[in-house]
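A.B. asks: To be precise about what I am sending: the file is called structure.cif and holds mmCIF, C-alpha atoms.
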```
data_protein
loop_
_atom_site.group_PDB
_atom_site.id
_atom_site.type_symbol
_atom_site.label_atom_id
_atom_site.label_comp_id
_atom_site.auth_asym_id
_atom_site.auth_seq_id
_atom_site.Cartn_x
_atom_site.Cartn_y
_atom_site.Cartn_z
ATOM 1 C CA VAL Z 1 26.200 20.686 -0.698
ATOM 2 C CA ILE Z 2 22.519 21.031 -1.622
ATOM 3 C CA ASP Z 3 20.197 23.478 0.082
ATOM 4 C CA ARG Z 4 16.933 22.244 1.618
ATOM 5 C CA ASN Z 5 14.625 23.587 -1.124
ATOM 6 C CA ASN Z 6 16.565 21.929 -3.951
ATOM 7 C CA PHE Z 7 16.832 18.701 -1.953
ATOM 8 C CA LYS Z 8 13.031 18.648 -1.431
ATOM 9 C CA LYS Z 9 12.495 19.398 -5.125
ATOM 10 C CA ILE Z 10 14.740 16.489 -6.181
ATOM 11 C CA LEU Z 11 13.004 14.108 -3.752
ATOM 12 C CA THR Z 12 9.571 15.173 -4.946
ATOM 13 C CA GLN Z 13 10.469 14.685 -8.608
ATOM 14 C CA SER Z 14 12.052 11.264 -8.061
ATOM 15 C CA SER Z 15 9.164 10.013 -5.902
ATOM 16 C CA GLY Z 16 6.697 11.251 -8.548
ATOM 17 C CA LEU Z 17 8.497 9.301 -11.276
ATOM 18 C CA LEU Z 18 8.605 6.188 -9.085
ATOM 19 C CA ALA Z 19 4.879 6.484 -8.316
ATOM 20 C CA LYS Z 20 4.084 6.774 -12.056
ATOM 21 C CA ARG Z 21 6.134 3.647 -12.795
ATOM 22 C CA ASN Z 22 4.375 1.744 -9.999
ATOM 23 C CA ALA Z 23 0.978 2.993 -11.211
ATOM 24 C CA ALA Z 24 1.761 1.533 -14.637
ATOM 25 C CA HIS Z 25 2.398 -1.853 -12.965
ATOM 26 C CA LEU Z 26 -0.864 -1.578 -10.977
ATOM 27 C CA LYS Z 27 -2.870 -1.070 -14.162
ATOM 28 C CA LYS Z 28 -1.980 -4.644 -15.150
ATOM 29 C CA VAL Z 29 -3.742 -6.092 -12.080
ATOM 30 C CA PRO Z 30 -7.251 -7.165 -13.201
ATOM 31 C CA ILE Z 31 -8.849 -6.706 -9.763
ATOM 32 C CA LEU Z 32 -7.738 -3.032 -9.826
ATOM 33 C CA SER Z 33 -9.002 -2.322 -13.349
ATOM 34 C CA SER Z 34 -11.770 -0.014 -12.064
ATOM 35 C CA LEU Z 35 -9.269 2.421 -10.542
ATOM 36 C CA LYS Z 36 -9.141 5.826 -12.192
ATOM 37 C CA GLU Z 37 -5.788 7.430 -13.086
ATOM 38 C CA ASP Z 38 -5.582 9.567 -9.921
ATOM 39 C CA GLU Z 39 -6.697 6.668 -7.695
ATOM 40 C CA CYS Z 40 -4.055 4.414 -9.207
ATOM 41 C CA LEU Z 41 -1.413 7.073 -8.537
ATOM 42 C CA GLU Z 42 -2.512 7.396 -4.878
ATOM 43 C CA VAL Z 43 -2.263 3.630 -4.389
ATOM 44 C CA ALA Z 44 1.155 3.628 -6.099
ATOM 45 C CA LYS Z 45 2.409 6.294 -3.655
ATOM 46 C CA ALA Z 46 1.266 4.184 -0.695
ATOM 47 C CA LEU Z 47 3.092 0.989 -1.739
ATOM 48 C CA LEU Z 48 5.840 -0.180 0.629
ATOM 49 C CA GLU Z 49 8.977 -1.976 -0.523
ATOM 50 C CA SER Z 50 9.837 -5.425 0.861
ATOM 51 C CA ASN Z 51 12.864 -7.491 -0.173
ATOM 52 C CA PHE Z 52 13.360 -11.238 0.149
ATOM 53 C CA LYS Z 53 16.218 -13.703 -0.418
ATOM 54 C CA THR Z 54 16.128 -17.209 -1.939
ATOM 55 C CA GLY Z 55 14.084 -19.612 0.159
ATOM 56 C CA GLU Z 56 12.373 -16.950 2.282
ATOM 57 C CA THR Z 57 8.643 -17.426 2.733
ATOM 58 C CA ILE Z 58 6.594 -14.362 1.879
ATOM 59 C CA TYR Z 59 3.384 -15.906 3.218
ATOM 60 C CA GLN Z 60 2.052 -19.363 4.094
ATOM 61 C CA GLN Z 61 -0.899 -21.294 2.753
ATOM 62 C CA GLY Z 62 -3.729 -21.127 5.306
ATOM 63 C CA GLU Z 63 -2.711 -17.759 6.800
ATOM 64 C CA THR Z 64 -5.273 -14.972 6.832
ATOM 65 C CA GLY Z 65 -4.388 -12.665 3.962
ATOM 66 C CA ASP Z 66 -4.454 -8.902 4.298
ATOM 67 C CA MET Z 67 -1.541 -7.883 2.051
ATOM 68 C CA PHE Z 68 -1.325 -7.459 -1.729
ATOM 69 C CA TYR Z 69 2.100 -7.858 -3.400
ATOM 70 C CA LEU Z 70 3.451 -6.450 -6.631
ATOM 71 C CA LEU Z 71 6.566 -8.363 -7.728
ATOM 72 C CA VAL Z 72 8.966 -5.816 -9.223
ATOM 73 C CA SER Z 73 12.106 -7.924 -9.632
ATOM 74 C CA GLY Z 74 13.124 -11.521 -9.073
ATOM 75 C CA SER Z 75 11.002 -14.650 -9.048
ATOM 76 C CA VAL Z 76 8.717 -16.451 -6.618
ATOM 77 C CA SER Z 77 7.107 -19.849 -6.454
ATOM 78 C CA LEU Z 78 3.437 -20.347 -5.595
ATOM 79 C CA MET Z 79 3.095 -23.667 -3.798
ATOM 80 C CA LYS Z 80 -0.052 -25.532 -2.831
ATOM 81 C CA ASP Z 81 0.290 -28.455 -0.411
ATOM 82 C CA ASP Z 82 4.121 -28.340 -0.801
ATOM 83 C CA LYS Z 83 3.920 -28.744 -4.609
ATOM 84 C CA GLU Z 84 4.861 -25.948 -6.978
ATOM 85 C CA HIS Z 85 1.741 -24.684 -8.702
ATOM 86 C CA GLN Z 86 3.135 -21.672 -10.568
ATOM 87 C CA ARG Z 87 6.283 -19.579 -10.856
ATOM 88 C CA LEU Z 88 6.128 -15.804 -11.258
ATOM 89 C CA ALA Z 89 8.980 -13.644 -12.487
ATOM 90 C CA ALA Z 90 9.356 -9.913 -12.934
ATOM 91 C CA THR Z 91 11.745 -7.571 -14.657
ATOM 92 C CA ALA Z 92 12.145 -3.801 -14.605
ATOM 93 C CA ASP Z 93 9.671 -3.541 -17.507
ATOM 94 C CA SER Z 94 7.036 -6.027 -16.377
ATOM 95 C CA ALA Z 95 5.800 -6.720 -12.873
ATOM 96 C CA ALA Z 96 3.821 -9.697 -11.631
ATOM 97 C CA PHE Z 97 1.418 -9.727 -8.710
ATOM 98 C CA PHE Z 98 0.004 -12.058 -6.071
ATOM 99 C CA GLY Z 99 -2.200 -11.859 -3.000
ATOM 100 C CA GLU Z 100 -4.549 -9.406 -4.735
ATOM 101 C CA LYS Z 101 -7.669 -11.052 -3.275
ATOM 102 C CA ALA Z 102 -6.594 -9.729 0.145
ATOM 103 C CA LEU Z 103 -7.726 -6.253 -0.968
ATOM 104 C CA LEU Z 104 -11.290 -7.557 -1.295
ATOM 105 C CA LYS Z 105 -11.611 -9.648 1.858
ATOM 106 C CA LYS Z 106 -9.558 -11.203 4.608
ATOM 107 C CA ASP Z 107 -9.582 -14.815 3.553
ATOM 108 C CA VAL Z 108 -7.117 -17.671 4.021
ATOM 109 C CA ARG Z 109 -4.255 -17.844 1.559
ATOM 110 C CA GLU Z 110 -4.553 -20.537 -1.114
ATOM 111 C CA PHE Z 111 -0.800 -20.754 -1.683
ATOM 112 C CA THR Z 112 2.522 -20.527 0.075
ATOM 113 C CA VAL Z 113 4.733 -17.999 -1.717
ATOM 114 C CA LYS Z 114 8.520 -18.396 -1.526
ATOM 115 C CA ALA Z 115 11.320 -16.381 -3.066
ATOM 116 C CA THR Z 116 13.223 -18.385 -5.685
ATOM 117 C CA SER Z 117 15.825 -15.823 -6.730
ATOM 118 C CA ASP Z 118 18.470 -13.987 -4.753
ATOM 119 C CA ASN Z 119 16.977 -10.500 -4.842
ATOM 120 C CA VAL Z 120 13.195 -10.498 -4.806
ATOM 121 C CA GLN Z 121 11.782 -6.989 -4.597
ATOM 122 C CA THR Z 122 8.083 -6.508 -3.914
ATOM 123 C CA LEU Z 123 5.850 -3.526 -3.361
ATOM 124 C CA CYS Z 124 3.003 -4.249 -0.983
ATOM 125 C CA LEU Z 125 -0.134 -2.687 0.406
ATOM 126 C CA ASP Z 126 -2.504 -3.959 3.064
ATOM 127 C CA LYS Z 127 -6.303 -3.843 2.900
ATOM 128 C CA ALA Z 128 -6.618 -1.293 5.741
ATOM 129 C CA SER Z 129 -4.273 1.185 4.023
ATOM 130 C CA PHE Z 130 -6.087 0.765 0.708
ATOM 131 C CA GLU Z 131 -9.421 1.463 2.391
ATOM 132 C CA LEU Z 132 -8.038 4.525 4.179
ATOM 133 C CA LEU Z 133 -7.034 5.937 0.809
ATOM 134 C CA LEU Z 134 -10.031 5.062 -1.344
ATOM 135 C CA GLY Z 135 -12.582 3.106 0.657
ATOM 136 C CA PRO Z 136 -13.557 -0.535 0.033
ATOM 137 C CA LEU Z 137 -12.437 -2.036 -3.281
ATOM 138 C CA GLU Z 138 -15.877 -3.649 -3.670
ATOM 139 C CA ASP Z 139 -17.431 -0.163 -3.870
ATOM 140 C CA ILE Z 140 -14.900 0.932 -6.492
ATOM 141 C CA ASN Z 141 -15.527 -2.194 -8.577
ATOM 142 C CA LYS Z 142 -19.315 -1.635 -8.345
ATOM 143 C CA ARG Z 143 -18.809 1.975 -9.475
ATOM 144 C CA GLY Z 144 -16.641 0.882 -12.378
ATOM 145 C CA SER Z 145 -14.178 3.104 -14.196
ATOM 146 C CA SER Z 146 -16.848 5.617 -15.209
ATOM 147 C CA GLY Z 147 -17.911 6.864 -11.752
ATOM 148 C CA GLN Z 148 -16.521 9.679 -9.618
ATOM 149 C CA SER Z 149 -12.966 9.406 -8.290
ATOM 150 C CA LYS Z 150 -12.514 8.601 -4.585
ATOM 151 C CA VAL Z 151 -9.320 10.676 -4.280
ATOM 152 C CA GLY Z 152 -9.841 13.593 -1.924
ATOM 153 C CA HIS Z 153 -13.073 12.117 -0.555
ATOM 154 C CA LYS Z 154 -13.180 10.585 2.889
ATOM 155 C CA ALA Z 155 -13.598 6.837 3.001
ATOM 156 C CA LYS Z 156 -16.874 5.765 4.629
ATOM 157 C CA ASP Z 157 -15.065 3.982 7.469
ATOM 158 C CA ASN Z 158 -13.298 7.202 8.520
ATOM 159 C CA SER Z 159 -16.576 8.730 9.717
ATOM 160 C CA ALA Z 160 -16.712 6.306 12.644
ATOM 161 C CA SER Z 161 -13.295 7.383 13.946
ATOM 162 C CA GLU Z 162 -14.200 11.050 13.506
ATOM 163 C CA SER Z 163 -17.372 10.720 15.590
ATOM 164 C CA ARG Z 164 -15.534 8.708 18.253
ATOM 165 C CA HIS Z 165 -12.959 11.473 18.845
ATOM 166 C CA GLY Z 166 -15.152 14.406 17.933
ATOM 167 C CA ASN Z 167 -13.805 17.635 16.510
ATOM 168 C CA ILE Z 168 -10.596 18.402 18.427
ATOM 169 C CA ARG Z 169 -9.253 21.941 18.174
ATOM 170 C CA LYS Z 170 -5.727 23.054 18.973
ATOM 171 C CA LYS Z 171 -6.920 25.372 21.756
ATOM 172 C CA ASP Z 172 -8.429 22.306 23.508
ATOM 173 C CA LEU Z 173 -5.012 20.625 23.785
ATOM 174 C CA LYS Z 174 -2.740 20.926 26.816
ATOM 175 C CA ARG Z 175 1.015 20.667 26.156
ATOM 176 C CA LEU Z 176 2.621 17.974 28.347
ATOM 177 C CA GLY Z 177 6.151 18.154 26.994
ATOM 178 C CA LEU Z 178 8.567 18.187 24.108
ATOM 179 C CA LEU Z 179 9.304 14.770 22.611
ATOM 180 C CA GLY Z 180 12.025 15.907 20.210
ATOM 181 C CA CYS Z 181 13.189 18.256 17.498
ATOM 182 C CA GLY Z 182 14.195 17.419 13.965
ATOM 183 C CA GLY Z 183 14.706 18.885 10.545
ATOM 184 C CA PHE Z 184 10.979 19.462 10.094
ATOM 185 C CA GLY Z 185 10.188 20.953 13.496
ATOM 186 C CA ALA Z 186 9.329 19.985 17.058
ATOM 187 C CA VAL Z 187 7.164 17.073 18.199
ATOM 188 C CA GLU Z 188 5.158 17.724 21.321
ATOM 189 C CA LEU Z 189 3.115 15.454 23.565
ATOM 190 C CA VAL Z 190 -0.346 16.904 24.156
ATOM 191 C CA GLU Z 191 -3.507 15.915 26.003
ATOM 192 C CA HIS Z 192 -7.102 16.760 25.130
ATOM 193 C CA VAL Z 193 -8.655 18.682 28.032
#
```
Kindly present the structure from the file in structure tokens form.
C.D. replies:
Amino acid sequence: VIDRNNFKKILTQSSGLLAKRNAAHLKKVPILSSLKEDECLEVAKALLESNFKTGETIYQQGETGDMFYLLVSGSVSLMKDDKEHQRLAATADSAAFFGEKALLKKDVREFTVKATSDNVQTLCLDKASFELLLGPLEDINKRGSSGQSKVGHKAKDNSASESRHGNIRKKDLKRLGLLGCGGFGAVELVEHV
């Protein structure tokens, strides 16, 4: 049996190591070369894991792209007009990537990407999540690697949502009910009055 504090400590340490490993993979992506060390680590923490089996389509040619993929293990085939154009493979030491242009703009996909091995593990991040963390990638690339880090600074797009909702204080909220209780506390439904 592990107490809560030790359990949290173990989780924090293991997630930190995983984020550092993923950040090392991200540094190999040319389109992300302008990211500073702390920015790269923030992006690495936000990556979501997706797994695919042989023959599964990850995305189709012609779809609007909004997701970037980091191939951590397995292999995929990039197909254009039903003909294999390129095959990417990854191991624990070296990751491959695809769909990186989706972080710059929502454009149609040039390729269909299909899993060609039994256990394809990818880490992915969509454009909206990236911009919530650091703002537009175009701005970061214009700044280059020598400018100020975007970590801890609000993205420009967040100002619109802040002005739409205004500054909401806890005393301005009316409790409607309890939604549930868990290990980290209670979740309540509230209404702004």
A.B. asks: From the options Z:Lys28, Z:Leu47, Z:Gln61, Z:Ser94, which residue's atoms come nearest to Ser15 (chain Z), counting all atoms listed in the file?
C.D. replies: Z:Leu47
A.B. asks: Carefully work through the PyMOL selection byres ((chain Z and resi 24) around 10) for this structure and note down the residues it includes, as a list in words.
C.D. replies: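 This file, filtered by the PyMOL selection byres ((chain Z and resi 24) around 10), leaves Leu18, Ala19, Lys20, Arg21, Asn22, Ala23, His25, Leu26, Lys27, Lys28, Val29, Glu37, Cys40, Leu41, Ala44, Asp93, Ser94 and Ala95 of chain Z.
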A.B. asks: Between CA of Lys105 (chain Z) and CA of Leu88 (chain Z), measure the distance and give it in Å to one decimal.
C.D. replies: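 Calculated distance between CA of Lys105 (chain Z) and CA of Leu88 (chain Z) is 22.9 Å.
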A.B. asks: Once the PyMOL selection byres ((chain Z and resi 114-124) around 7) has been applied to the shown file, what residues remain in the selection, as an MDAnalysis selection string?
C.D. replies: chainID Z and resid 47:58 67:78 112:113 125:126
A.B. asks: Of the candidates Z:Leu35, Z:Ser14, Z:Lys9, Z:Gly177, which one gets nearest to Gly144 (chain Z) if we count all atoms listed in the file?
C.D. replies: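 Looking only at the distances to Gly144 (chain Z), the closest residue turns out to be Z:Leu35.
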A.B. asks: List, as a VMD selection string, every residue that the PyMOL selection byres ((chain Z and resi 39) around 12) selects in the file provided.
C.D. replies: chain Z and resid 19 to 20 23 26 to 27 32 to 38 40 to 46 130 to 131 133 to 135 137 140 145 147 to 153
A.B. asks: May I ask for the distance between CA of Lys127 (chain Z) and CA of Gly62 (chain Z), given in Å to one decimal place?
C.D. replies: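 It comes out at 17.6 Å.
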A.B. asks: Let me make sure I understand: among Z:Thr64, Z:Asn6, Z:Asn167, Z:Ser146, which one has the smallest atom-to-atom distance to Lys101 (chain Z) if we use all atoms listed in the file?
C.D. replies: Z:Thr64
A.B. asks: From the options Z:His192, Z:Arg4, Z:His85, Z:Arg109, which residue's atoms come nearest to Arg169 (chain Z), counting all atoms listed in the file?
C.D. replies: Z:His192
A.B. asks: With distances taken over only C-alpha atoms, which residue among Z:Leu178, Z:Leu132, Z:Leu173, Z:Ala89 lies nearest Val190 (chain Z)?
C.D. replies: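 Of the candidates, the smallest distance to Val190 (chain Z) is held by Z:Leu173.
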A.B. asks: I'd like the contact shell of Leu176 (chain Z) - 9 Å cut-off, only C-alpha atoms, skipping same-chain residues fewer than 5 positions apart - returned as a list of chain:residue names.
C.D. replies: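 Skipping anything fewer than 5 positions along the chain leaves Z:Glu188, Z:Leu189, Z:Val190, Z:Glu191.
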A.B. asks: What is the CA of Ile31 (chain Z) to CA of Thr91 (chain Z) distance in Å?
C.D. replies: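 Computing the Euclidean distance for CA of Ile31 (chain Z) and CA of Thr91 (chain Z) yields 21.2 Å.
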